[in-house]
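Accompanying notes for the structure given below.
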Amino acid sequence: MSNLNLIDSFQEFKDFKNIDRPTMMSVMEDVLRSMIRKKYGTDENCDIIVNTDNGDLEIWRTRMVMEDGFSEDDDLEIELAEAKLLDPDLEVGEEHIELVTLESFGRRAILAARQTLVSKVLELEKDEIYKKYKDRVGEIVTGEVYQVWKKEALILDDEGNELLLPKTEQIPADYFKKGDSVRAVIHKVDMMNSNPKIIISRTAPEFLQRLFEMEVPEIFDGLITIKKIVREPGERAKVAVESYDDRIDPVGACVGMKGSRIHGIVRELKNENIDVINYTNNLSLYVQRALSPAKITSIKLDDDKKTAAVYLKPDQVSLAIGRGGHNIKLAGKLTGYEIDVYREVDEREEDVDIEEFSDEIDGWILDEFKRIGLDTAKSILNLSVDELVKRTDLEEETVKEVLSILQSEFE
């Protein structure tokens, strides 16, 4: 029965999914040699044969036959009288080779060895999983939702390995239930208390990049390069692309005929609005393209301060800012410039710069309006209280008070 315990352990793990057979054989031999050393004091004179195909194993122990009374180490030598009992043909100077059975080690030693084997194999398995996924960081993986918690979801890949998808790496509109199929990018791999912790992400820019590589053959083949990706997951993304072949329109290739290529990506990202932009070294033009879909009238760049003053017609300001300020924020991240939006005001139209009200309105409140491109009194008055509260971080009472002050200027 003891023999079977160890053999069963070997059979259980010899085809372990992430451990090759030579490694498995080496682990098995190490465990057996440890048992031999504990029993005989040395394993120098022992040969171990492990059959990785069927799990059979043999231990052969060799001792030199010595004259009676001249054996100095019973672990390495055997006296002639004892040897003759085992094999009458043996003579002094010859080697006595015997088969050591597992049963001879005793049940307790066998059970301890089994536990050691299980522990070593599991440790190896964890190391192999860690190495495998560490080398795959940035790749897309598909798995099945096994369990959903408040702060994260447990995903199993096709080999049953555990992947963690934290809430912070999920798109806000993501909703998962057990059994759902999930695609994400391998984001980070760590060892936590000897256990591999594999974090996957659906919000990382790399996820969007891999989706483009899957949908757009020209990107996969290297004819089109993605220069940079910035995202507000689930809301908006901007992707700057460049073609190395003048015959290929990088934007058109990424979008596809009637949006055929980008539709699948948008669906995967829960209707995230994706702007594909033609990259250029012309910074002025690059900033203009980054603010798409807004149309810019003029632009002033300050390369030292990395700022861009952008002037637009009143009806284009809200497009440039975007819902929740996402468009201007992403344009800034994409270009590396801090973008300030200004309304172009018709000189014939009476209006007042909001800085003129600095005596009546706190500076931080004025800055909040300027942050969303509202730098004149009428640009603020043209919007409703609800719209202003939504766009700024101001309280409703503060907004109403500001509107009252501005309105009095034109009465």
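Simple scheme: letters A, B, ... for chains in structure tokens order, numbers from 1 for residues in each chain, numbers from 1 for ligands in the order shown.
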| field | Spatial neighbours of Glu360 (chain A), 10 Å, only C-alpha atoms, chain gap at least 5 places, as a ChimeraX atom specification | value | /A:402,405-406
Could the residues in this selection be saved with all heavy atoms as a tab-separated table (two decimals), in the first residue's frame?
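result21.tsv, written as the output of this step:
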```
chain	number	residue	atom	x	y	z
A	402	VAL	N	-23.13	83.19	-9.98
A	402	VAL	CA	-22.29	83.70	-11.08
A	402	VAL	C	-23.16	84.22	-12.21
A	402	VAL	O	-22.93	85.32	-12.75
A	402	VAL	CB	-21.33	82.59	-11.58
A	402	VAL	CG1	-20.64	83.04	-12.88
A	402	VAL	CG2	-20.28	82.25	-10.53
A	405	ILE	N	-24.58	87.59	-11.42
A	405	ILE	CA	-23.58	88.68	-11.53
A	405	ILE	C	-23.33	89.05	-13.00
A	405	ILE	O	-23.30	90.22	-13.37
A	405	ILE	CB	-22.26	88.26	-10.85
A	405	ILE	CG1	-22.46	88.12	-9.33
A	405	ILE	CG2	-21.15	89.27	-11.14
A	405	ILE	CD1	-21.31	87.46	-8.62
A	406	LEU	N	-23.20	88.01	-13.85
A	406	LEU	CA	-22.93	88.25	-15.27
A	406	LEU	C	-24.11	88.89	-15.97
A	406	LEU	O	-23.95	89.81	-16.81
A	406	LEU	CB	-22.57	86.92	-15.96
A	406	LEU	CG	-21.33	86.18	-15.45
A	406	LEU	CD1	-21.11	84.91	-16.26
A	406	LEU	CD2	-20.09	87.07	-15.53
```
| query | Mind checking DSSP for region 161-402 of chain A and telling me the helix (DSSP H, G or I) residues as number ranges by chain? | reply | A: 167-169, 205-215, 217-220, 250-255, 257-268, 283-290, 314-321, 323-335, 354-357, 363-371, 377-381, 385-391, 396-402
| message | Need the shell around region 89-99 of chain A: protein/DNA/RNA residues with any atom at most 10 Å away, counting only C-alpha atoms. Skip same-chain ones fewer than 6 positions apart. Format as number ranges by chain? | response | A: 45-47, 58-68, 77-81, 83
| said: Among region 144-312 of chain A, which ones does DSSP assign to strand (DSSP E) (computed from the backbone)? Answer as a VMD selection string. | reply: chain A and resid 144 to 148 152 to 156 162 to 166 181 to 192 195 to 201 224 to 232 236 to 243 273 to 278 298 to 302 307 to 312
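Between Glu152 (chain A) and the residues A:Ser119, A:Thr307, A:Thr101, A:Ser201, the shortest atom-to-atom distance, using only C-alpha atoms, involves A:Ser201.
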Could you list, as an mmCIF file with C-alpha atoms, in the first residue's frame, every residue within 12 Å of Lys131 (chain A), counting only C-alpha atoms and ignoring same-chain residues fewer than 4 positions away?
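Writing the result to part-v8.cif gives the following:
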```cif
data_model
loop_
_atom_site.group_PDB
_atom_site.id
_atom_site.type_symbol
_atom_site.label_atom_id
_atom_site.label_comp_id
_atom_site.auth_asym_id
_atom_site.auth_seq_id
_atom_site.Cartn_x
_atom_site.Cartn_y
_atom_site.Cartn_z
ATOM 1 C CA ASN A 18 3.098 22.910 -17.386
ATOM 2 C CA ILE A 19 5.930 20.524 -16.423
ATOM 3 C CA LEU A 124 7.323 23.898 -10.047
ATOM 4 C CA GLU A 125 3.901 24.321 -11.584
ATOM 5 C CA LYS A 126 3.526 27.771 -10.035
ATOM 6 C CA ASP A 127 6.968 28.790 -11.289
ATOM 7 C CA ASP A 135 6.714 36.413 -21.066
ATOM 8 C CA ARG A 136 3.204 37.139 -22.371
ATOM 9 C CA VAL A 137 2.617 40.536 -20.747
ATOM 10 C CA VAL A 189 2.394 39.267 -13.370
ATOM 11 C CA ASP A 190 3.716 39.065 -9.802
ATOM 12 C CA MET A 191 4.627 36.387 -7.281
ATOM 13 C CA ASN A 195 1.699 32.063 -5.861
ATOM 14 C CA PRO A 196 1.614 33.653 -9.331
ATOM 15 C CA LYS A 197 -0.791 36.606 -9.454
ATOM 16 C CA ILE A 198 -1.804 37.365 -13.043
#
```
